[in-house]
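One file, input-v7.pdb, carrying PDB, C-alpha atoms:
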ATOM      1  CA  MET H  27       0.000   0.000   0.000
ATOM      2  CA  PHE H  28       1.126   3.510  -0.816
ATOM      3  CA  ASP H  29      -0.785   6.758  -0.381
ATOM      4  CA  ILE H  30      -0.322  10.487   0.090
ATOM      5  CA  THR H  31      -3.161  12.724   1.234
ATOM      6  CA  PHE H  32      -3.429  16.331   2.291
ATOM      7  CA  ASP H  33      -5.669  17.998   4.837
ATOM      8  CA  ALA H  34      -7.432  20.752   2.910
ATOM      9  CA  HIS H  35      -8.634  22.341   6.159
ATOM     10  CA  SER H  36      -5.057  22.774   7.346
ATOM     11  CA  MET H  37      -3.933  24.779   4.304
ATOM     12  CA  ARG H  38      -2.795  28.169   5.503
ATOM     13  CA  LYS H  39      -4.233  31.085   3.568
ATOM     14  CA  PRO H  40      -1.500  33.297   2.106
ATOM     15  CA  ARG H  41      -1.404  36.913   3.205
ATOM     16  CA  GLU H  42      -3.419  39.395   1.158
ATOM     17  CA  LYS H  43      -0.256  40.930  -0.303
ATOM     18  CA  LYS H  44       0.828  37.536  -1.632
ATOM     19  CA  LEU H  45      -2.651  36.706  -2.910
ATOM     20  CA  ALA H  46      -2.663  39.918  -4.934
ATOM     21  CA  LYS H  47       0.480  38.662  -6.740
ATOM     22  CA  LEU H  48      -0.563  35.012  -7.062
ATOM     23  CA  GLY H  49      -1.059  35.092 -10.844
ATOM     24  CA  GLN H  50       2.396  36.534 -11.442
ATOM     25  CA  ALA H  51       4.415  35.043  -8.566
ATOM     26  CA  SER H  52       7.626  33.325  -9.609
ATOM     27  CA  GLU H  53       7.886  29.558  -9.426
ATOM     28  CA  MET H  54      10.411  29.893  -6.624
ATOM     29  CA  ASN H  55       8.145  32.151  -4.570
ATOM     30  CA  LEU H  56       5.201  29.810  -5.121
ATOM     31  CA  ARG H  57       7.209  26.757  -4.140
ATOM     32  CA  TYR H  58       8.576  28.176  -0.932
ATOM     33  CA  GLY H  59       6.294  30.968   0.203
ATOM     34  CA  TYR H  60       2.656  30.365  -0.583
ATOM     35  CA  PHE H  61       0.801  27.246   0.470
ATOM     36  CA  GLU H  62       1.502  25.113   3.524
ATOM     37  CA  THR H  63      -0.608  22.175   4.563
ATOM     38  CA  ASP H  64      -0.474  18.974   6.541
ATOM     39  CA  LEU H  65       0.162  15.722   4.670
ATOM     40  CA  THR H  66      -0.270  12.084   5.556
ATOM     41  CA  PHE H  67       2.219   9.748   3.930
ATOM     42  CA  THR H  68       1.398   6.038   4.030
ATOM     43  CA  VAL H  69       3.365   2.962   3.061
ATOM     44  CA  GLY H  70       1.958  -0.380   4.195
ATOM     45  CA  GLU H  71       5.054  -1.646   5.971
ATOM     46  CA  PHE H  72       5.539   1.431   8.137
ATOM     47  CA  GLY H  73       1.968   2.723   8.286
ATOM     48  CA  SER H  74       0.837   6.327   8.150
ATOM     49  CA  GLU H  75       2.940   9.275   9.105
ATOM     50  CA  ASP H  76       1.713  12.834   9.525
ATOM     51  CA  LEU H  77       3.885  15.530   7.983
ATOM     52  CA  PRO H  78       2.730  18.931   9.286
ATOM     53  CA  GLY H  79       3.281  22.298   7.604
ATOM     54  CA  VAL H  80       4.642  21.074   4.271
ATOM     55  CA  THR H  81       5.123  23.675   1.535
ATOM     56  CA  ILE H  82       2.788  21.841  -0.798
ATOM     57  CA  LEU H  83       3.761  23.205  -4.215
ATOM     58  CA  ASP H  84       7.416  22.437  -3.557
ATOM     59  CA  PHE H  85       6.406  18.936  -2.462
ATOM     60  CA  ILE H  86       4.415  18.473  -5.675
ATOM     61  CA  PHE H  87       7.315  19.631  -7.845
ATOM     62  CA  CYS H  88       9.661  17.242  -5.998
ATOM     63  CA  LEU H  89       7.146  14.394  -6.219
ATOM     64  CA  LEU H  90       6.684  14.849  -9.970
ATOM     65  CA  TYR H  91      10.432  15.081 -10.573
ATOM     66  CA  ALA H  92      10.900  11.927  -8.461
ATOM     67  CA  ALA H  93       8.201  10.141 -10.483
ATOM     68  CA  ARG H  94      10.023  11.083 -13.704
ATOM     69  CA  GLU H  95      13.216   9.574 -12.321
ATOM     70  CA  VAL H  96      11.418   6.396 -11.285
ATOM     71  CA  ARG H  97       9.841   6.093 -14.728
ATOM     72  CA  GLN H  98      13.360   6.215 -16.199
ATOM     73  CA  GLY H  99      14.535   3.504 -13.785
ATOM     74  CA  ASN H 100      16.414   5.880 -11.491
ATOM     75  CA  VAL H 101      16.028   6.633  -7.799
ATOM     76  CA  GLY H 102      13.663   9.543  -7.162
ATOM     77  CA  GLU H 103      13.989  11.813  -4.153
ATOM     78  CA  ILE H 104      11.449  14.038  -2.470
ATOM     79  CA  GLY H 105      13.038  16.734  -0.351
ATOM     80  CA  PHE H 106      11.405  19.132   2.062
ATOM     81  CA  THR H 107      11.794  22.897   2.208
ATOM     82  CA  GLU H 108      11.274  22.858   5.956
ATOM     83  CA  ASN H 109      14.164  20.503   6.804
ATOM     84  CA  ASP H 110      16.806  18.206   5.348
ATOM     85  CA  GLN H 111      14.688  15.046   5.374
ATOM     86  CA  VAL H 112      14.356  13.022   2.171
ATOM     87  CA  ILE H 113      11.997  10.334   0.927
ATOM     88  CA  ARG H 114      13.641   8.022  -1.596
ATOM     89  CA  ILE H 115      11.685   6.117  -4.225
ATOM     90  CA  ILE H 116      13.791   3.214  -5.482
ATOM     91  CA  PRO H 117      12.536   1.299  -8.549
ATOM     92  CA  ASN H 118      13.206  -2.400  -8.959
ATOM     93  CA  GLY H 119      11.264  -3.714 -11.933
ATOM     94  CA  GLU H 120       7.534  -3.476 -11.230
ATOM     95  CA  ILE H 121       8.083  -2.756  -7.527
ATOM     96  CA  ILE H 122       9.332   0.366  -5.835
ATOM     97  CA  THR H 123      10.853   0.636  -2.383
ATOM     98  CA  VAL H 124      10.081   3.741  -0.345
ATOM     99  CA  SER H 125      12.582   4.777   2.309
ATOM    100  CA  ARG H 126      12.840   7.805   4.557
ATOM    101  CA  SER H 127      16.028   9.457   5.762
ATOM    102  CA  TRP H 128      14.638   9.692   9.291
ATOM    103  CA  SER H 129      13.811   5.999   9.692
ATOM    104  CA  LYS H 130      15.327   2.592   9.032
ATOM    105  CA  ASP H 131      11.939   1.246   7.930
ATOM    106  CA  SER H 132      11.144   0.927   4.248
ATOM    107  CA  GLY H 133       8.146  -0.307   2.326
ATOM    108  CA  ASP H 134       7.198  -1.533  -1.117
ATOM    109  CA  CYS H 135       4.408  -1.001  -3.596
ATOM    110  CA  GLY H 136       3.762  -1.568  -7.268
ATOM    111  CA  VAL H 137       4.994   0.992  -9.773
ATOM    112  CA  ASP H 138       1.453   1.381 -11.166
ATOM    113  CA  VAL H 139       0.127   2.146  -7.679
ATOM    114  CA  PHE H 140       2.854   4.734  -7.151
ATOM    115  CA  PHE H 141       2.080   6.543 -10.408
ATOM    116  CA  ALA H 142      -1.686   6.416  -9.734
ATOM    117  CA  VAL H 143      -1.211   7.947  -6.277
ATOM    118  CA  VAL H 144       1.102  10.649  -7.660
ATOM    119  CA  ALA H 145      -1.486  11.592 -10.308
ATOM    120  CA  ARG H 146      -4.430  11.600  -7.898
ATOM    121  CA  PHE H 147      -2.638  13.479  -5.121
ATOM    122  CA  CYS H 148      -1.262  16.205  -7.407
ATOM    123  CA  SER H 149      -4.617  16.598  -9.177
ATOM    124  CA  ASP H 150      -6.447  16.896  -5.850
ATOM    125  CA  VAL H 151      -4.078  19.514  -4.456
ATOM    126  CA  LEU H 152      -3.896  21.619  -7.615
ATOM    127  CA  GLY H 153      -7.670  21.416  -8.048
ATOM    128  CA  PHE H 154      -8.202  22.555  -4.479
ATOM    129  CA  ILE H 155      -5.828  25.511  -4.827
ATOM    130  CA  VAL H 156      -7.436  26.612  -8.109
ATOM    131  CA  GLU H 157     -10.888  26.318  -6.545
ATOM    132  CA  GLN H 158      -9.904  28.370  -3.495
ATOM    133  CA  TYR H 159      -7.647  30.841  -5.316
ATOM    134  CA  PRO H 160      -8.760  31.238  -8.969
ATOM    135  CA  ALA H 161      -5.923  33.700  -9.719
ATOM    136  CA  PHE H 162      -3.560  30.712  -9.516
ATOM    137  CA  GLN H 163      -4.851  29.683 -12.960
ATOM    138  CA  GLU H 164      -2.987  32.670 -14.435
ATOM    139  CA  ASN H 165       0.371  31.536 -13.082
ATOM    140  CA  LEU H 166       2.807  29.863 -15.476
ATOM    141  CA  ALA H 167       3.933  27.478 -12.725
ATOM    142  CA  LEU H 168       0.481  25.886 -12.768
ATOM    143  CA  SER H 169       0.829  25.214 -16.500
ATOM    144  CA  LYS H 170       4.209  23.613 -15.865
ATOM    145  CA  LEU H 171       2.795  21.406 -13.099
ATOM    146  CA  VAL H 172      -0.209  20.389 -15.210
ATOM    147  CA  SER H 173       2.118  19.464 -18.070
ATOM    148  CA  MET H 174       4.303  17.382 -15.742
ATOM    149  CA  LEU H 175       1.240  15.777 -14.197
ATOM    150  CA  ALA H 176      -0.119  14.794 -17.619
ATOM    151  CA  GLU H 177       2.841  12.425 -17.975
ATOM    152  CA  PHE H 178       1.376  10.245 -15.216
ATOM    153  CA  GLN H 179      -2.364  10.470 -15.817
ATOM    154  CA  ARG H 180      -4.236   7.803 -17.726
TER     155      ARG H 180
END
Using the file provided, produce a representation of the structure as structure tokens.
Amino acid sequence: MFDITFDAHSMRKPREKKLAKLGQASEMNLRYGYFETDLTFTVGEFGSEDLPGVTILDFIFCLLYAAREVRQGNVGEIGFTENDQVIRIIPNGEIITVSRSWSKDSGDCGVDVFFAVVARFCSDVLGFIVEQYPAFQENLALSKLVSMLAEFQR
């Protein structure tokens, strides 16, 4: 089992000044300064783990880049803006191993499951942000994320 979910109610609303610039904000500013939320990361072997206050757009960029690496047969890494922790996604044929820098535990899931979760999670988060903050649709970073996401949707 593998899953990533976010708590929509925990997403911190950006300050009014930032919201006024949302359509034109740089990718870097969006990744590191706009939306924080709580995540739950689940892998069957080590269960669910709550990850509070994650800068969600940075996480999505890292997750999509990691998925690209996995698709090419390479190790993918998801880093966190808030700290130096890393989640590693290690492909081995049709199975991936998920490990975390802060724990010895690791877990496995099918590659298809991993890609399905990546697509669903990213779609859910981006859809929620667009719904709550329509000006985000004007930002070029959203187009980039949607293009990256399309690589994993079926």
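Minimum atom-to-atom distance to Pro117 (chain H), evaluated using all atoms listed in the file, belongs to H:Glu95 out of H:Gly105, H:Leu175, H:Glu95, H:Ser129.
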Picked residues, the PyMOL selection byres ((chain H and resi 39) around 10), expected as a PyMOL selection string: chain H and resi 36-38+40-42+44-45+60-63+158-159
I need the chosen residues saved as a PDB file, keeping the file's coordinate frame, with C-alpha atoms.
ATOM      1  CA  SER H  36      -5.057  22.774   7.346  1.00  0.00           C
ATOM      2  CA  MET H  37      -3.933  24.779   4.304  1.00  0.00           C
ATOM      3  CA  ARG H  38      -2.795  28.169   5.503  1.00  0.00           C
ATOM      4  CA  PRO H  40      -1.500  33.297   2.106  1.00  0.00           C
ATOM      5  CA  ARG H  41      -1.404  36.913   3.205  1.00  0.00           C
ATOM      6  CA  GLU H  42      -3.419  39.395   1.158  1.00  0.00           C
ATOM      7  CA  LYS H  44       0.828  37.536  -1.632  1.00  0.00           C
ATOM      8  CA  LEU H  45      -2.651  36.706  -2.910  1.00  0.00           C
ATOM      9  CA  TYR H  60       2.656  30.365  -0.583  1.00  0.00           C
ATOM     10  CA  PHE H  61       0.801  27.246   0.470  1.00  0.00           C
ATOM     11  CA  GLU H  62       1.502  25.113   3.524  1.00  0.00           C
ATOM     12  CA  THR H  63      -0.608  22.175   4.563  1.00  0.00           C
ATOM     13  CA  GLN H 158      -9.904  28.370  -3.495  1.00  0.00           C
ATOM     14  CA  TYR H 159      -7.647  30.841  -5.316  1.00  0.00           C
TER      15      TYR H 159
END
For region 168-170 of chain H: contacts at 12 Å, all atoms listed in the file, fewer than 3 positions along chain excluded, given as a ChimeraX atom specification: /H:48-53,56-57,83,86-87,90-91,148-149,151-153,155-156,160-165,173-177
Between CA of Ser125 (chain H) and CA of Ala92 (chain H) - distance in Å to one decimal: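 CA of Ser125 (chain H) lies 13.0 Å from CA of Ala92 (chain H).
Pairwise distance (CA of Arg126 (chain H), CA of Phe154 (chain H)) equals 27.2 Å.
Across the chains present, the PyMOL selection byres ((chain H and resi 69) around 6) applied to this file returns Met27, Phe28, Thr68, Gly70, Glu71, Phe72, Gly73 and Gly133 of chain H.
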Pick out the residues sitting within 7 Å of Gln111 (chain H), and hand them over as a PDB file with C-alpha atoms, in the frame of the given file; count all atoms listed in the file, and ignore anything fewer than 5 positions along from it in its own chain.
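Writing the result to out16.pdb gives the following:
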ATOM      1  CA  GLY H 105      13.038  16.734  -0.351  1.00  0.00           C
ATOM      2  CA  PHE H 106      11.405  19.132   2.062  1.00  0.00           C
ATOM      3  CA  SER H 127      16.028   9.457   5.762  1.00  0.00           C
ATOM      4  CA  TRP H 128      14.638   9.692   9.291  1.00  0.00           C
TER       5      TRP H 128
END
CA of Val172 (chain H) to CA of Thr123 (chain H), straight-line distance in Å: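 Computed distance, CA of Thr123 (chain H) to CA of Val172 (chain H), equals 26.0 Å.
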Val139 (chain H) surroundings by only C-alpha atoms, 10 Å radius, close-in-sequence under 6 positions cut, as a list of chain:residue names: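 These residues fall inside the cut-off: H:Met27, H:Phe28, H:Asp29, H:Glu120, H:Ile121, H:Ile122, H:Ala145.
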Quick one: 4 Å padding each side, axis-aligned, all listed atoms of region 64-72 of chain H - centre and edge lengths in Å to one decimal, as lines of an AutoDock Vina configuration file?
center_x = 2.5
center_y = 8.7
center_z = 5.6
size_x = 14.0
size_y = 28.6
size_z = 13.1
Selected residue of minimal separation from Val112 (chain H) among H:Asp33, H:Leu89, H:Lys43, H:Val96, counting only C-alpha atoms: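 Looking at the shortest contact to Val112 (chain H), the residue is H:Leu89.
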Expected answer as a list in words: all residues with atoms within 9 Å of (6.6, 23.9, 9.6), only C-alpha atoms: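 Checked against the point, the hits come out as Glu62, Thr63, Leu77, Pro78, Gly79, Val80, Thr81, Glu108 and Asn109 of chain H.
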Residue with smallest distance to Asp131 (chain H) - pool H:Phe85, H:Arg146, H:Ile113, H:Leu166, counting all atoms listed in the file: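 Result for the nearest residue to Asp131 (chain H): H:Ile113.
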